[in-house]
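Since the structure comes first, as structure tokens, the remarks are kept for the end.
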Amino acid sequence: MFFKLKLLKFTPLWAMISFWFGLHLLLLFIIAPRFFQPGSEDLRVIRHNVQLVPRLPDPTLLTAVLVKPDEYVKKGTPLFEFDKSVYQYRVDNAKAQVAAAEQHVLVLKANLEAVSQQVAQAKANEQFAQRQVTRYEAMAKEGAGSQQDLQQWQDQLVVNQADIQVALANEKKAKLEYEAQIDGVNTKVAEAKSVLQEQEYYLGQTTIHAPADGYITNLQARPGLVVGGRRIGAIASFICEEEPYILATFFQSHLMYVKEGQPVEIALDTYPGQIFEGEVEAVWKAAGQGQMMPMGMLPTFEEPLPKGRFPVKIRIKDPDPLLAAGVQGAVAIYTGEGNSFSILRRIEIRSYSYGNYLYPMPNVMAAIAALIAGVLVVVTVAIHLFTLRGLSKFIRRLKNTPVLAMGFSMVAAIAVHLFEIFIFAIVLMGMSFEDRFGSLTGKVDDSLRDYFYYSALAYTSLGFGDVSPQGSLRSVAAVEAITGLVLIAWTASFAFLAMQELWGEKDSQN
């Protein structure tokens with residue numbers, strides 16, 4: 001268009017427009033895969049683990065560690081043993097209490113039988129007294145008996161009737177004690193057995209068994225450790241051997257087309273150069289930013305929260321049984337949309353996998369960042385050079401209207417500075433997609449606005465300090481600060497020379 005067809009004349013303005021258009025055209029190949037084939041380098045292998053917490057009521061001495069670190073064990077295998085003596089004594093005492101309670105039931109039964117005999121005896125005495133009263137009443141009427149004897153037997157009858165009530169009350173009490181039961185068991189026996197079961201439970205807790213097939217790593221517990229009582233906490237973490245799963249986090253907007261069952265490719269850091277196949281098992285559409293705890297105060301919303309990510313659960317096909325918990329890597333999801341861009345994501349994830357052969361080497365990322373910074377210096381200096389050269393020609397053409405020429409030149413100079421800031425911002429944002437380059441920290445949400453803001457701070461050496469780079473991004477930011485200082489000074493010297501050219505001759509003549 002400029003050189004072969006010569007439809008347009010190549011000028012600094014058209015150079016800037018062409019570069020701007022070409023840059024946005026290249027952004028299409030960066031943005032489209034983020035939605036059609038979303039990728040993430042925040043991937044980790046998750047295995048279920050169980051915190052082994054001794055459930056002992058009193059301080060207890062650890063006497064034996066029966067497992068070695070990273071040793072595979074079956075479910076139910078003894079792992080730790082604690083001092084049993086105190087708990088064995090309590091079990092023996094509880095058994096004695098059960099025997100005593102059961103014997104006490106026999107005593108209650110015998111007591112009930114004795115009280116029942118007392119009731120029968122009291123009734124017999126009452127009947128005898130009743131007959132005597134009747135006999136003496138008849139004798140008294142005929143004058144054969146004394147009134148005094150009659151009165152004595154009447155008093156005895158009252159006493160015997162009272163004895164019956166006392167005996168019946170004692171019988172009821174003895175019966176209640178004997179028949180006090182829970183599920184057919186005497187309450188005293190049930191109470192003693194519950195104490196025995198509790199003590200047997202604690203005795204059983206003096207040995208910790210494997211809750212599942214798996215192993216213990218980072219085994220620090222040793223004989224002599226005291227646990228239980230006030231010492232609350234796990235003494236080891238048991239990693240279960242059951243099938244692990246993979247979680248990868250994505251920006252929320254990148255999950256637009258992600259659904260369950262879609263194919264994925266996985267690159268694990270422990271297997272450089274290999275790609276594993278899998279599929280999306282679930283999308284966890286929830287994050288901590290959406291949770292509020294019950295409280296007596298109203299929440300405040302002063303500043304926007306950084307954009308959170310959603311995890312995606314991924315099932316790997318034919319998982320390696322030695323796939324360790326915490327293994328990291330990268331993943332690419334192929335949604336079936338925009339298949340023409342999938343080749344870019346496939347190249348990227350394979351580059352990541354093979355790059356694991358190199359990236360652990362010292363300063364590799366720093367060297368790549370330095371190379372990128374050097375390219376940015378060349379590009380921005382070239383843009384600045386062609387722009388100032390074009391403005392110099394423009395000023396000479398409008399020498400008769402110095403105010404217009406100088407005003408337009410300053411606006412153009414500011415515009416080119418903003419454009420250079422934008423170039424650095426785009427590159428910094430693109431580098432942040434690779435986690436090993438680092439990212440911005442502070443009050444940011446990883447948007448282009450944040451990167452442009454930080455790029456402007458670095459370019460002008462202003463530096464408020466509310467946003468800061470991490471990792472290899474610091475190298476690019478440092479180079480941008482030096483480049484911005486030089487280019488701003490270059491623009492200042494250009495402005496001085498331009499003003500001297502426009503007004504210097506007139507001032508000297510006056």
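Ligands are numbered from 1 in the order shown, chains are lettered A, B, ... in the order of the structure tokens, and residues start at 1 in each chain.
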**OP:** Going by DSSP on the backbone, which bits of stretch 209-445 of chain A are strand (DSSP E or B)? Write them as a PyMOL selection string, please.
**Re:** chain A and resi 209+214-217+226-228+231+236-240+245-251+263-268+276-283+309-316+328-333+440-442
Output N, CA and C atoms for every residue in that selection, as a compact mmCIF listing (two decimals), in the first residue's frame.
```
# COMPACT_ATOMS: atom_id res chain seq x y z
N HIS A 209 -5.44 -46.15 63.70
CA HIS A 209 -5.36 -47.00 62.52
C HIS A 209 -5.51 -46.16 61.26
N GLY A 214 -3.42 -45.59 51.83
CA GLY A 214 -2.67 -44.37 51.55
C GLY A 214 -1.35 -44.36 52.29
N TYR A 215 -0.88 -43.16 52.61
CA TYR A 215 0.43 -43.02 53.24
C TYR A 215 0.48 -41.71 54.01
N ILE A 216 1.49 -41.61 54.86
CA ILE A 216 1.74 -40.40 55.63
C ILE A 216 3.04 -39.79 55.14
N THR A 217 2.99 -38.51 54.85
CA THR A 217 4.21 -37.79 54.51
C THR A 217 4.46 -36.72 55.57
N VAL A 226 3.65 -36.04 73.90
CA VAL A 226 2.48 -36.09 74.77
C VAL A 226 1.31 -35.45 74.04
N VAL A 227 0.21 -36.19 73.95
CA VAL A 227 -0.98 -35.70 73.27
C VAL A 227 -2.17 -35.85 74.20
N GLY A 228 -3.31 -35.34 73.75
CA GLY A 228 -4.53 -35.45 74.55
C GLY A 228 -4.62 -34.32 75.56
N ARG A 231 -3.52 -30.64 74.67
CA ARG A 231 -2.82 -30.66 73.39
C ARG A 231 -3.80 -31.10 72.31
N ALA A 236 -0.37 -35.87 62.42
CA ALA A 236 0.06 -36.28 61.08
C ALA A 236 -1.10 -36.07 60.11
N SER A 237 -0.76 -36.01 58.85
CA SER A 237 -1.76 -35.89 57.79
C SER A 237 -1.68 -37.14 56.92
N PHE A 238 -2.79 -37.86 56.84
CA PHE A 238 -2.84 -39.11 56.07
C PHE A 238 -3.40 -38.81 54.69
N ILE A 239 -2.63 -39.12 53.66
CA ILE A 239 -3.02 -38.86 52.28
C ILE A 239 -3.67 -40.13 51.72
N CYS A 240 -4.91 -40.00 51.31
CA CYS A 240 -5.66 -41.15 50.80
C CYS A 240 -5.22 -41.48 49.38
N TYR A 245 -8.13 -35.76 41.93
CA TYR A 245 -8.75 -34.92 40.91
C TYR A 245 -7.93 -33.65 40.76
N ILE A 246 -8.21 -32.94 39.71
CA ILE A 246 -7.42 -31.76 39.36
C ILE A 246 -8.32 -30.53 39.41
N LEU A 247 -7.80 -29.47 39.99
CA LEU A 247 -8.48 -28.18 40.00
C LEU A 247 -7.62 -27.17 39.26
N ALA A 248 -8.25 -26.40 38.40
CA ALA A 248 -7.59 -25.32 37.69
C ALA A 248 -8.48 -24.09 37.79
N THR A 249 -7.89 -22.95 38.08
CA THR A 249 -8.67 -21.73 38.24
C THR A 249 -8.63 -20.90 36.97
N PHE A 250 -9.76 -20.26 36.67
CA PHE A 250 -9.91 -19.44 35.47
C PHE A 250 -10.58 -18.12 35.85
N PHE A 251 -10.27 -17.09 35.09
CA PHE A 251 -11.04 -15.86 35.23
C PHE A 251 -12.49 -16.14 34.87
N PRO A 263 -13.44 -31.81 26.27
CA PRO A 263 -12.09 -32.37 26.35
C PRO A 263 -11.08 -31.32 26.80
N VAL A 264 -10.06 -31.79 27.48
CA VAL A 264 -8.99 -30.91 27.95
C VAL A 264 -7.65 -31.58 27.68
N GLU A 265 -6.62 -30.75 27.63
CA GLU A 265 -5.24 -31.23 27.57
C GLU A 265 -4.51 -30.69 28.79
N ILE A 266 -3.72 -31.56 29.42
CA ILE A 266 -3.08 -31.24 30.68
C ILE A 266 -1.58 -31.41 30.53
N ALA A 267 -0.84 -30.41 31.00
CA ALA A 267 0.62 -30.49 31.06
C ALA A 267 1.02 -30.39 32.53
N LEU A 268 1.69 -31.41 33.03
CA LEU A 268 2.10 -31.46 34.43
C LEU A 268 3.59 -31.16 34.55
N PHE A 276 -1.35 -34.92 28.79
CA PHE A 276 -2.36 -35.88 29.25
C PHE A 276 -3.74 -35.40 28.82
N GLU A 277 -4.58 -36.35 28.52
CA GLU A 277 -5.95 -36.03 28.12
C GLU A 277 -6.89 -36.19 29.31
N GLY A 278 -7.96 -35.41 29.27
CA GLY A 278 -8.97 -35.48 30.33
C GLY A 278 -10.24 -34.80 29.86
N GLU A 279 -11.12 -34.52 30.80
CA GLU A 279 -12.36 -33.84 30.48
C GLU A 279 -12.82 -33.03 31.68
N VAL A 280 -13.66 -32.04 31.39
CA VAL A 280 -14.21 -31.20 32.45
C VAL A 280 -15.24 -32.00 33.23
N GLU A 281 -15.05 -32.10 34.54
CA GLU A 281 -16.00 -32.83 35.38
C GLU A 281 -17.03 -31.90 36.00
N ALA A 282 -16.61 -30.70 36.39
CA ALA A 282 -17.55 -29.76 37.00
C ALA A 282 -16.93 -28.38 36.99
N VAL A 283 -17.78 -27.37 36.96
CA VAL A 283 -17.36 -25.97 37.08
C VAL A 283 -17.90 -25.46 38.40
N ARG A 309 -11.35 -15.82 40.83
CA ARG A 309 -11.39 -16.88 39.82
C ARG A 309 -12.33 -17.99 40.27
N PHE A 310 -12.80 -18.75 39.28
CA PHE A 310 -13.62 -19.92 39.55
C PHE A 310 -12.79 -21.16 39.27
N PRO A 311 -12.84 -22.17 40.14
CA PRO A 311 -12.13 -23.41 39.86
C PRO A 311 -12.94 -24.34 38.97
N VAL A 312 -12.24 -25.08 38.15
CA VAL A 312 -12.85 -26.10 37.30
C VAL A 312 -12.24 -27.45 37.69
N LYS A 313 -13.11 -28.39 38.01
CA LYS A 313 -12.66 -29.73 38.38
C LYS A 313 -12.47 -30.56 37.13
N ILE A 314 -11.31 -31.15 37.00
CA ILE A 314 -10.94 -31.88 35.79
C ILE A 314 -10.60 -33.32 36.16
N ARG A 315 -11.10 -34.24 35.37
CA ARG A 315 -10.80 -35.65 35.56
C ARG A 315 -9.81 -36.09 34.49
N ILE A 316 -8.67 -36.58 34.92
CA ILE A 316 -7.65 -37.03 33.99
C ILE A 316 -7.90 -38.49 33.65
N GLN A 328 1.70 -29.31 40.14
CA GLN A 328 1.17 -28.17 39.40
C GLN A 328 1.36 -28.37 37.91
N GLY A 329 0.74 -27.48 37.16
CA GLY A 329 0.84 -27.58 35.72
C GLY A 329 -0.06 -26.59 35.02
N ALA A 330 -0.40 -26.90 33.78
CA ALA A 330 -1.24 -26.04 32.95
C ALA A 330 -2.31 -26.90 32.29
N VAL A 331 -3.39 -26.26 31.87
CA VAL A 331 -4.50 -26.98 31.26
C VAL A 331 -5.11 -26.12 30.17
N ALA A 332 -5.62 -26.76 29.15
CA ALA A 332 -6.34 -26.09 28.07
C ALA A 332 -7.66 -26.80 27.86
N ILE A 333 -8.75 -26.04 27.83
CA ILE A 333 -10.09 -26.59 27.62
C ILE A 333 -10.53 -26.24 26.21
N LEU A 440 1.04 -8.03 38.61
CA LEU A 440 0.91 -6.82 39.43
C LEU A 440 0.23 -7.16 40.74
N THR A 441 0.67 -6.53 41.80
CA THR A 441 0.04 -6.71 43.11
C THR A 441 -0.43 -5.35 43.61
N GLY A 442 -1.39 -5.39 44.49
CA GLY A 442 -1.99 -4.16 45.01
C GLY A 442 -3.47 -4.12 44.69
```
**OP:** May I have the residues within 10 Å of stretch 148-153 of chain A as a list in words, using only C-alpha atoms and disregarding those fewer than 4 positions away in the same chain?
**Re:** Phe128, Ala129, Gln130, Arg131, Gln132, Val133, Thr134, Arg135, Tyr136, Glu137, Ala138, Met139, Ala140, Leu157, Val158 and Val159 of chain A
Could you list, with a cut-off of 10 Å and counting only C-alpha atoms, the residues of stretch 190-214 of chain A near stretch 55-59 of chain A, each shown with its nearest atom pair and the distance in Å rounded to one decimal, rows sorted by chain and ascending number, as a tab-separated table?
```
residue	atom	partner	partner_atom	distance
A:Tyr201	CA	A:Leu56	CA	9.5
A:Tyr202	CA	A:Leu56	CA	6.2
A:Leu203	CA	A:Leu56	CA	8.7
A:Gly204	CA	A:Leu56	CA	9.8
A:Gln205	CA	A:Arg55	CA	6.3
A:Thr206	CA	A:Leu56	CA	7.5
A:Ile208	CA	A:Arg55	CA	9.4
```
Please build the interface table for stretch 437-506 of chain A against stretch 395-404 of chain A with a cut-off of 8 Å, listing for each qualifying residue the nearest atom pair and the distance in Å to one decimal; count only C-alpha atoms, order rows by chain and increasing number, and write it as CSV.
```
residue,atom,partner,partner_atom,distance
A:Ala498,CA,A:Ile395,CA,7.5
A:Leu502,CA,A:Pro402,CA,5.8
A:Trp503,CA,A:Pro402,CA,7.6
```
Same residues, N, CA and C atoms, saved as an mmCIF file, in the first residue's frame:
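Okay, this is what ended up in out18.cif:
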```
data_model
loop_
_atom_site.group_PDB
_atom_site.id
_atom_site.type_symbol
_atom_site.label_atom_id
_atom_site.label_comp_id
_atom_site.auth_asym_id
_atom_site.auth_seq_id
_atom_site.Cartn_x
_atom_site.Cartn_y
_atom_site.Cartn_z
ATOM 1 N N ALA A 498 12.644 23.520 18.676
ATOM 2 C CA ALA A 498 11.574 23.972 17.798
ATOM 3 C C ALA A 498 11.180 25.408 18.114
ATOM 4 N N LEU A 502 11.430 28.667 15.697
ATOM 5 C CA LEU A 502 10.256 29.449 15.316
ATOM 6 C C LEU A 502 10.346 30.892 15.771
ATOM 7 N N TRP A 503 10.870 31.125 16.969
ATOM 8 C CA TRP A 503 10.865 32.488 17.516
ATOM 9 C C TRP A 503 12.261 33.053 17.748
#
```
